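my_file_34.cif follows; it contains mmCIF, C-alpha atoms.
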data_target
#
loop_
_atom_site.label_atom_id
_atom_site.label_comp_id
_atom_site.auth_asym_id
_atom_site.auth_seq_id
_atom_site.Cartn_x
_atom_site.Cartn_y
_atom_site.Cartn_z
CA MET A 17 0.00 0.00 0.00
CA THR A 18 1.43 3.37 -1.00
CA VAL A 19 1.07 6.51 1.08
CA ASP A 20 -1.24 7.99 -1.58
CA GLU A 21 -3.49 4.95 -1.33
CA ALA A 22 -3.39 5.17 2.46
CA ILE A 23 -4.45 8.81 2.35
CA ALA A 24 -7.26 7.96 -0.06
CA ILE A 25 -8.52 5.27 2.31
CA ALA A 26 -8.25 7.59 5.31
CA GLU A 27 -10.18 10.34 3.50
CA THR A 28 -12.83 7.83 2.49
CA ALA A 29 -13.20 6.77 6.12
CA LEU A 30 -13.50 10.47 7.00
CA ASN A 31 -16.55 10.71 4.71
CA TYR A 32 -14.39 12.12 1.90
CA ASP A 33 -13.17 15.05 3.98
CA ARG A 34 -9.78 16.00 2.55
CA LEU A 35 -6.78 16.28 4.86
CA ASN A 36 -5.55 19.83 5.19
CA LYS A 37 -1.95 20.77 4.42
CA ILE A 38 -0.47 20.15 7.85
CA GLN A 39 -2.46 16.94 8.34
CA GLU A 40 -1.20 15.57 5.03
CA ILE A 41 2.41 16.48 5.92
CA VAL A 42 2.14 14.69 9.26
CA PHE A 43 0.41 11.69 7.69
CA ARG A 44 2.89 11.31 4.82
CA GLN A 45 6.05 11.70 6.86
CA SER A 46 4.74 9.59 9.74
CA TRP A 47 3.97 6.90 7.18
CA GLU A 48 7.63 7.06 6.16
CA GLY A 49 8.67 6.58 9.79
CA GLN A 50 9.85 10.10 10.57
CA SER A 51 9.63 11.50 14.08
CA TYR A 52 7.88 14.77 14.91
CA LYS A 53 11.29 16.41 15.29
CA GLU A 54 12.34 15.20 11.86
CA ILE A 55 9.07 16.41 10.36
CA ALA A 56 9.52 19.82 11.97
CA ALA A 57 13.11 20.04 10.76
CA SER A 58 12.06 19.37 7.17
CA THR A 59 9.21 21.90 7.19
CA GLU A 60 8.60 25.48 8.27
CA TYR A 61 6.53 24.37 11.25
CA GLU A 62 7.59 24.26 14.90
CA TYR A 63 7.93 20.94 16.73
CA ASP A 64 5.08 21.67 19.17
CA TYR A 65 2.75 22.61 16.31
CA ILE A 66 3.58 19.40 14.43
CA LYS A 67 3.06 17.31 17.57
CA ASP A 68 -0.28 18.97 18.30
CA ALA A 69 -1.45 18.56 14.71
CA GLY A 70 -0.48 14.90 14.85
CA ALA A 71 -2.38 14.30 18.08
CA LYS A 72 -5.52 15.88 16.60
CA LEU A 73 -5.15 13.88 13.38
CA TRP A 74 -4.77 10.55 15.19
CA LYS A 75 -7.82 11.36 17.32
CA LEU A 76 -9.82 12.14 14.18
CA LEU A 77 -8.71 8.94 12.47
CA SER A 78 -9.32 6.87 15.59
CA LYS A 79 -12.98 7.83 15.49
CA ALA A 80 -13.30 7.20 11.74
CA LEU A 81 -11.42 3.88 11.74
CA GLU A 82 -13.01 2.72 15.01
CA GLU A 83 -9.64 1.86 16.52
CA LYS A 84 -7.09 3.91 18.44
CA VAL A 85 -4.59 5.37 16.00
CA LYS A 86 -1.12 6.45 17.04
CA LYS A 87 1.85 7.65 15.07
CA ASP A 88 3.62 4.31 15.28
CA ASN A 89 0.65 2.07 14.44
CA LEU A 90 -0.86 3.97 11.51
CA LYS A 91 -0.01 1.33 8.91
CA SER A 92 -1.25 -1.61 10.96
CA VAL A 93 -4.52 0.13 11.85
CA LEU A 94 -5.26 0.90 8.21
CA LYS A 95 -4.51 -2.69 7.23
CA ARG A 96 -6.83 -4.01 9.96
CA TYR A 97 -9.49 -1.51 8.89
CA LEU A 98 -9.37 -2.87 5.35
CA ARG A 99 -9.51 -6.47 6.49
CA ARG A 100 -12.34 -5.69 8.89
CA THR A 101 -14.51 -3.79 6.47
CA GLN A 102 -13.29 -5.68 3.38
CA VAL A 103 -14.31 -2.62 1.35
CA ASN A 104 -17.67 -4.37 0.83
CA LEU A 105 -18.91 -3.39 -2.59
CA GLN A 106 -21.76 -5.01 -4.41
CA ARG A 107 -21.26 -5.98 -8.01
CA ASN A 108 -24.41 -4.12 -9.03
CA LEU A 109 -23.30 -0.90 -7.38
CA THR A 110 -24.71 1.98 -9.40
CA ILE A 111 -23.10 5.37 -9.45
CA GLU A 112 -25.57 8.06 -10.35
CA VAL A 113 -23.69 10.94 -11.84
CA ASN A 114 -25.40 14.20 -12.72
CA LEU A 115 -23.38 15.33 -15.70
CA SER A 116 -24.99 18.75 -15.56
CA GLY A 117 -23.44 19.59 -12.24
CA ALA A 118 -21.56 16.79 -10.49
CA ASN A 119 -17.91 17.41 -9.74
CA LEU A 120 -15.79 14.31 -9.25
CA SER A 121 -12.43 16.07 -9.33
CA GLY A 122 -10.07 14.54 -6.82
CA ALA A 123 -12.42 11.54 -6.73
CA ASN A 124 -14.54 13.27 -4.10
CA LEU A 125 -17.80 11.44 -4.50
CA SER A 126 -19.88 13.95 -2.55
CA GLY A 127 -21.36 14.97 -5.89
CA ALA A 128 -22.46 11.44 -6.66
CA ARG A 129 -24.84 9.00 -5.02
CA LEU A 130 -23.99 5.37 -4.52
CA PHE A 131 -26.81 2.86 -4.77
CA ALA A 132 -26.53 -0.81 -3.83
CA ASN A 133 -29.22 -3.39 -4.47
CA LEU A 134 -29.59 -4.79 -0.96
CA ASN A 135 -31.63 -7.71 -2.26
CA GLU A 136 -28.50 -9.14 -3.82
CA ALA A 137 -27.01 -11.95 -1.77
CA ASP A 138 -23.49 -11.87 -3.13
CA TYR A 139 -21.26 -9.16 -1.67
CA VAL A 140 -17.85 -8.47 -3.09
CA GLN A 141 -14.98 -8.42 -0.63
CA THR A 142 -11.92 -6.62 -1.93
CA ASP A 143 -8.84 -6.46 0.27
CA LEU A 144 -6.55 -3.72 -1.05
CA ASP A 145 -3.58 -5.05 0.85
CA LYS A 146 -3.59 -8.61 -0.50
CA THR A 147 -2.25 -10.11 -3.66
CA ILE A 148 -3.98 -12.88 -5.55
CA ASN A 149 -3.56 -16.25 -3.86
CA ALA A 150 -3.81 -19.73 -5.22
CA ASP A 151 -7.33 -20.38 -3.94
CA SER A 152 -8.93 -17.35 -5.62
CA GLU A 153 -12.15 -18.57 -7.13
CA THR A 154 -12.65 -18.36 -10.88
CA GLU A 155 -15.41 -20.59 -12.17
CA LEU A 156 -18.25 -20.61 -14.65
CA SER A 157 -21.51 -19.36 -13.19
CA GLY A 158 -25.00 -20.45 -14.07
CA SER A 159 -25.01 -18.32 -17.19
CA GLU A 160 -23.03 -19.70 -20.10
CA ASN A 161 -21.37 -16.34 -20.75
CA GLU A 162 -20.60 -15.42 -17.14
CA ILE A 163 -17.55 -16.29 -15.08
CA ASN A 164 -17.66 -16.17 -11.28
CA TRP A 165 -14.47 -14.53 -10.05
CA ASN A 166 -14.24 -13.93 -6.28
CA GLY A 167 -17.94 -13.11 -6.10
CA PHE A 168 -18.01 -10.92 -9.20
CA ARG A 169 -19.77 -12.02 -12.37
CA LEU A 170 -17.42 -11.27 -15.24
CA ASN A 171 -18.30 -11.59 -18.89
CA SER A 172 -15.10 -12.72 -20.57
CA ASP A 173 -11.61 -14.08 -20.15
CA ALA A 174 -10.30 -10.59 -20.89
CA GLN A 175 -12.22 -9.19 -17.89
CA VAL A 176 -10.85 -11.96 -15.67
CA LYS A 177 -7.28 -11.23 -16.74
CA ILE A 178 -7.64 -7.50 -16.08
CA ALA A 179 -9.36 -8.11 -12.72
CA GLU A 180 -6.51 -10.40 -11.63
CA ILE A 181 -3.86 -7.78 -12.41
CA LEU A 182 -5.82 -4.98 -10.73
CA ASP A 183 -6.19 -7.22 -7.68
CA ARG A 184 -2.50 -8.05 -7.69
CA THR A 185 -1.61 -4.34 -7.75
CA SER A 186 -3.92 -3.65 -4.76
CA THR A 187 -6.03 -1.28 -6.85
CA LEU A 188 -9.55 -0.38 -5.78
CA PHE A 189 -11.94 -1.22 -8.62
CA ILE A 190 -15.53 -2.16 -9.44
CA PRO A 191 -16.07 -4.44 -12.45
CA ASN A 192 -19.17 -4.16 -14.62
CA SER A 193 -20.36 -1.09 -12.76
CA ARG A 194 -23.56 0.57 -13.92
CA LEU A 195 -23.59 4.33 -14.13
CA ARG A 196 -26.80 6.35 -14.44
CA LEU A 197 -26.33 9.76 -15.90
CA THR A 198 -27.94 12.69 -17.61
CA THR A 199 -27.21 13.00 -21.33
CA PRO A 200 -28.56 15.36 -24.01
CA GLU A 201 -31.15 12.65 -24.75
CA GLY A 202 -32.20 12.33 -21.08
CA ARG A 203 -31.40 9.90 -18.27
CA GLN A 204 -29.54 6.79 -19.38
CA ASN A 205 -27.72 3.79 -17.93
CA GLN A 206 -24.17 3.05 -19.06
CA GLU A 207 -21.91 0.16 -18.12
CA ALA A 208 -18.18 0.34 -17.53
CA ASP A 209 -16.06 -2.81 -17.66
CA PHE A 210 -13.94 -1.42 -14.85
CA LEU A 211 -14.40 1.67 -12.69
CA ILE A 212 -10.95 2.25 -11.19
CA PHE A 213 -9.90 4.44 -8.26
CA HIS A 214 -6.20 5.35 -8.28
CA GLN A 215 -4.30 8.23 -6.67
CA ASN A 216 -7.50 10.14 -5.83
CA LYS A 217 -8.80 9.86 -9.40
CA LEU A 218 -11.55 7.87 -11.07
CA GLY A 219 -11.00 6.20 -14.42
CA ILE A 220 -13.01 3.90 -16.67
CA LEU A 221 -11.32 1.04 -18.51
CA LYS A 222 -13.47 -0.37 -21.31
CA ILE A 223 -12.77 -3.62 -23.15
CA ASP A 224 -13.75 -3.79 -26.82
CA SER A 225 -14.56 -7.20 -28.30
CA GLY A 226 -13.16 -8.25 -31.65
CA SER A 227 -16.33 -7.10 -33.40
CA SER A 228 -16.80 -3.97 -31.32
CA HIS A 229 -14.75 -0.82 -31.49
CA PRO A 230 -15.37 2.72 -30.24
CA ASN A 231 -17.75 4.62 -32.48
CA ALA A 232 -18.83 8.25 -32.63
CA THR A 233 -21.62 7.71 -30.09
CA GLU A 234 -19.28 6.02 -27.61
CA ASP A 235 -16.70 8.75 -28.11
CA GLU A 236 -19.35 11.33 -27.26
CA MET A 237 -20.29 9.37 -24.12
CA CYS A 238 -16.65 9.18 -23.09
CA GLN A 239 -16.38 12.93 -23.45
CA LEU A 240 -19.45 13.37 -21.26
CA PHE A 241 -17.74 11.32 -18.56
CA ILE A 242 -14.59 13.40 -18.88
CA ASP A 243 -16.56 16.64 -18.76
CA SER A 244 -18.29 15.45 -15.58
CA GLY A 245 -15.02 14.96 -13.72
CA ILE A 246 -14.10 11.32 -14.45
CA SER A 247 -10.41 11.65 -15.10
CA LEU A 248 -9.86 9.07 -17.84
CA VAL A 249 -11.87 6.81 -20.14
CA LYS A 250 -9.75 4.45 -22.21
CA HIS A 251 -10.65 1.58 -24.58
CA TYR A 252 -8.53 -1.56 -24.98
CA ASP A 253 -8.83 -4.45 -27.41
CA ALA A 254 -10.08 -7.68 -25.81
CA THR A 255 -7.27 -9.74 -27.35
CA ARG A 256 -4.62 -7.47 -25.87
CA CYS A 257 -6.37 -7.54 -22.48
CA SER A 258 -6.26 -11.35 -22.55
CA GLU A 259 -2.68 -11.67 -23.74
CA GLN A 260 -1.02 -8.65 -22.08
CA PRO A 261 -3.20 -7.71 -19.10
CA ASP A 262 -0.22 -6.57 -17.02
CA LEU A 263 0.86 -4.09 -19.68
CA VAL A 264 -2.71 -2.86 -20.16
CA VAL A 265 -3.17 -2.20 -16.45
CA GLN A 266 0.27 -0.61 -16.12
CA GLU A 267 -0.44 1.71 -19.05
CA PHE A 268 -3.90 2.63 -17.77
CA LEU A 269 -2.72 3.40 -14.22
CA GLU A 270 0.21 5.44 -15.53
CA ASN A 271 -2.11 7.46 -17.80
CA LEU A 272 -4.60 7.96 -14.97
CA SER A 273 -1.90 9.13 -12.58
CA GLN A 274 -0.69 11.68 -15.14
CA VAL A 275 -4.09 13.30 -15.60
CA GLN A 276 -4.09 16.77 -14.08
CA ALA A 277 -6.67 17.07 -11.29
#
Taking this structure as input, can you express it in the form of structure tokens?
Amino acid sequence: MTVDEAIAIAETALNYDRLNKIQEIVFRQSWEGQSYKEIAASTEYEYDYIKDAGAKLWKLLSKALEEKVKKDNLKSVLKRYLRRTQVNLQRNLTIEVNLSGANLSGANLSGARLFANLNEADYVQTDLDKTINADSETELSGSENEINWNGFRLNSDAQVKIAEILDRTSTLFIPNSRLRLTTPEGRQNQEADFLIFHQNKLGILKIDSGSSHPNATEDEMCQLFIDSGISLVKHYDATRCSEQPDLVVQEFLENLSQVQA
């Protein structure tokens, strides 16, 4: 887990409240193992101010993470928080985005509403701190065209390959997410193969089948997503996703990280 990912998780636990400048300095440098004196020496702040800011930050995080947080146990608390909550996301999670006014810059989802179908029995449990292990479940589901992968219903081998690499890189993602949005033609549902959260940014990775390639209508929809605040929408060929999933994911994450917030 990187410090940027840790901050993203902490801010999510804080109901998407962003850390202020001094809080982020204390968090980042504490994550790297620096003492308050070392933090003060490397900044323009006094030692007592840094120590006080740290105490207030740990108190704030303790309440949000439901466990006492101290400077020297920050990493372990966040890891336990992830294992405890398992970032429970349902596969049919719907993100309703109002393209006429929602602002998703910085991946602050206060401008979006998350809907989960609570009648669904299968919850997805994604542990951001684990790599894929040998007993990860990938099997055919009841539908001939669906593959059951760790509780998700995926539609193709290409999706499975991409999901495995995203999982291995400890990336937060939702496969086959349904997005409801306002378009010039009215309210519509759109599906994204992968909705990906990385370095405080949201991106959409779409997989095109051999007979399907982006057309003018899809390009217009992609632009609507971009205009709404989604940082990146990128199409990849299904064959490449199946044969080179690691390179596809690496390229996508690099492009997403380079997008200016």
Just so the selection is clear, what residues does the PyMOL selection byres ((chain A and resi 21) around 12) cover here, as a tab-separated table (two decimals) with C-alpha atoms, in the coordinates of the input?
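And here's out39.tsv as it stands now:
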chain	number	residue	atom	x	y	z
A	17	MET	CA	0.00	0.00	0.00
A	18	THR	CA	1.43	3.37	-1.00
A	19	VAL	CA	1.07	6.51	1.08
A	20	ASP	CA	-1.24	7.99	-1.58
A	22	ALA	CA	-3.39	5.17	2.46
A	23	ILE	CA	-4.45	8.81	2.35
A	24	ALA	CA	-7.26	7.96	-0.06
A	25	ILE	CA	-8.52	5.27	2.31
A	26	ALA	CA	-8.25	7.59	5.31
A	27	GLU	CA	-10.18	10.34	3.50
A	28	THR	CA	-12.83	7.83	2.49
A	43	PHE	CA	0.41	11.69	7.69
A	44	ARG	CA	2.89	11.31	4.82
A	47	TRP	CA	3.97	6.90	7.18
A	91	LYS	CA	-0.01	1.33	8.91
A	94	LEU	CA	-5.26	0.90	8.21
A	95	LYS	CA	-4.51	-2.69	7.23
A	98	LEU	CA	-9.37	-2.87	5.35
A	144	LEU	CA	-6.55	-3.72	-1.05
A	145	ASP	CA	-3.58	-5.05	0.85
A	185	THR	CA	-1.61	-4.34	-7.75
A	186	SER	CA	-3.92	-3.65	-4.76
A	187	THR	CA	-6.03	-1.28	-6.85
A	188	LEU	CA	-9.55	-0.38	-5.78
A	213	PHE	CA	-9.90	4.44	-8.26
A	214	HIS	CA	-6.20	5.35	-8.28
A	215	GLN	CA	-4.30	8.23	-6.67
A	216	ASN	CA	-7.50	10.14	-5.83
A	217	LYS	CA	-8.80	9.86	-9.40
Identify the residues around (-6.1, -13.1, -17.1) within a radius of 12 Å, measuring from all atoms listed in the file in the coordinates stated by the file, and give them as a PDB file with C-alpha atoms, in the frame of the given file.
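And here's result14.pdb as it stands now:
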ATOM      1  CA  ILE A 148      -3.980 -12.880  -5.550  1.00  0.00           C
ATOM      2  CA  THR A 154     -12.650 -18.360 -10.880  1.00  0.00           C
ATOM      3  CA  TRP A 165     -14.470 -14.530 -10.050  1.00  0.00           C
ATOM      4  CA  LEU A 170     -17.420 -11.270 -15.240  1.00  0.00           C
ATOM      5  CA  SER A 172     -15.100 -12.720 -20.570  1.00  0.00           C
ATOM      6  CA  ASP A 173     -11.610 -14.080 -20.150  1.00  0.00           C
ATOM      7  CA  ALA A 174     -10.300 -10.590 -20.890  1.00  0.00           C
ATOM      8  CA  GLN A 175     -12.220  -9.190 -17.890  1.00  0.00           C
ATOM      9  CA  VAL A 176     -10.850 -11.960 -15.670  1.00  0.00           C
ATOM     10  CA  LYS A 177      -7.280 -11.230 -16.740  1.00  0.00           C
ATOM     11  CA  ILE A 178      -7.640  -7.500 -16.080  1.00  0.00           C
ATOM     12  CA  ALA A 179      -9.360  -8.110 -12.720  1.00  0.00           C
ATOM     13  CA  GLU A 180      -6.510 -10.400 -11.630  1.00  0.00           C
ATOM     14  CA  ILE A 181      -3.860  -7.780 -12.410  1.00  0.00           C
ATOM     15  CA  LEU A 182      -5.820  -4.980 -10.730  1.00  0.00           C
ATOM     16  CA  ASP A 183      -6.190  -7.220  -7.680  1.00  0.00           C
ATOM     17  CA  ARG A 184      -2.500  -8.050  -7.690  1.00  0.00           C
ATOM     18  CA  ALA A 254     -10.080  -7.680 -25.810  1.00  0.00           C
ATOM     19  CA  THR A 255      -7.270  -9.740 -27.350  1.00  0.00           C
ATOM     20  CA  ARG A 256      -4.620  -7.470 -25.870  1.00  0.00           C
ATOM     21  CA  CYS A 257      -6.370  -7.540 -22.480  1.00  0.00           C
ATOM     22  CA  SER A 258      -6.260 -11.350 -22.550  1.00  0.00           C
ATOM     23  CA  GLU A 259      -2.680 -11.670 -23.740  1.00  0.00           C
ATOM     24  CA  GLN A 260      -1.020  -8.650 -22.080  1.00  0.00           C
ATOM     25  CA  PRO A 261      -3.200  -7.710 -19.100  1.00  0.00           C
ATOM     26  CA  ASP A 262      -0.220  -6.570 -17.020  1.00  0.00           C
ATOM     27  CA  LEU A 263       0.860  -4.090 -19.680  1.00  0.00           C
ATOM     28  CA  VAL A 264      -2.710  -2.860 -20.160  1.00  0.00           C
ATOM     29  CA  VAL A 265      -3.170  -2.200 -16.450  1.00  0.00           C
TER      30      VAL A 265
END
Notebook entry, point to check: So which residues touch A:Asn192 within 7 Å, counting only C-alpha atoms, skipping near sequence neighbours fewer than 6 positions away, as a list of chain:residue names?
Noted result: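 Residues meeting the cut-off are A:Glu207, A:Ala208, A:Asp209, A:Phe210.
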Take atom CA of A:Ile246 and atom CA of A:Leu211 and report the distance between them in Å, one decimal.
->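 One can read the atom CA of A:Ile246 to atom CA of A:Leu211 distance as 9.8 Å.
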- Which residue gives the smallest distance to A:Leu221 among A:Ile242, A:Lys84, A:Arg203, A:Phe268, with all atoms listed in the file counted?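 Nearest to A:Leu221: A:Phe268.
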Review point. Leaving out A:Asp68 and any residue of its chain fewer than 3 positions from it, which residues lie within 12 Å of it when counting all atoms listed in the file, given as a ChimeraX atom specification?
Key: /A:38-39,42,52,56,61-65,71-75,87
message = Ranking A:Thr59, A:Leu76, A:Leu248, A:Ser51 by minimum distance to A:Asp88 and counting only C-alpha atoms, which one comes first?
response =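 Between A:Thr59, A:Leu76, A:Leu248, A:Ser51, the residue approaching A:Asp88 most closely is A:Ser51.
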- [ ] Considering only C-alpha atoms, state which residue in the set A:Pro200, A:Lys53, A:Leu77, A:Ile66 is at the smallest distance from A:Leu35.
- [x]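 For A:Leu35, the nearest of the candidates is A:Leu77.
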Here is a test: counting all atoms listed in the file, which residue of A:Gly70, A:Gly49, A:Pro191, A:Gly245 is nearest to A:Lys86?
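Answer, going by the shortest atom-to-atom distance: A:Gly70.
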Here atom CA of A:Ala29 and atom CA of A:Phe241 stand apart by 25.5 Å
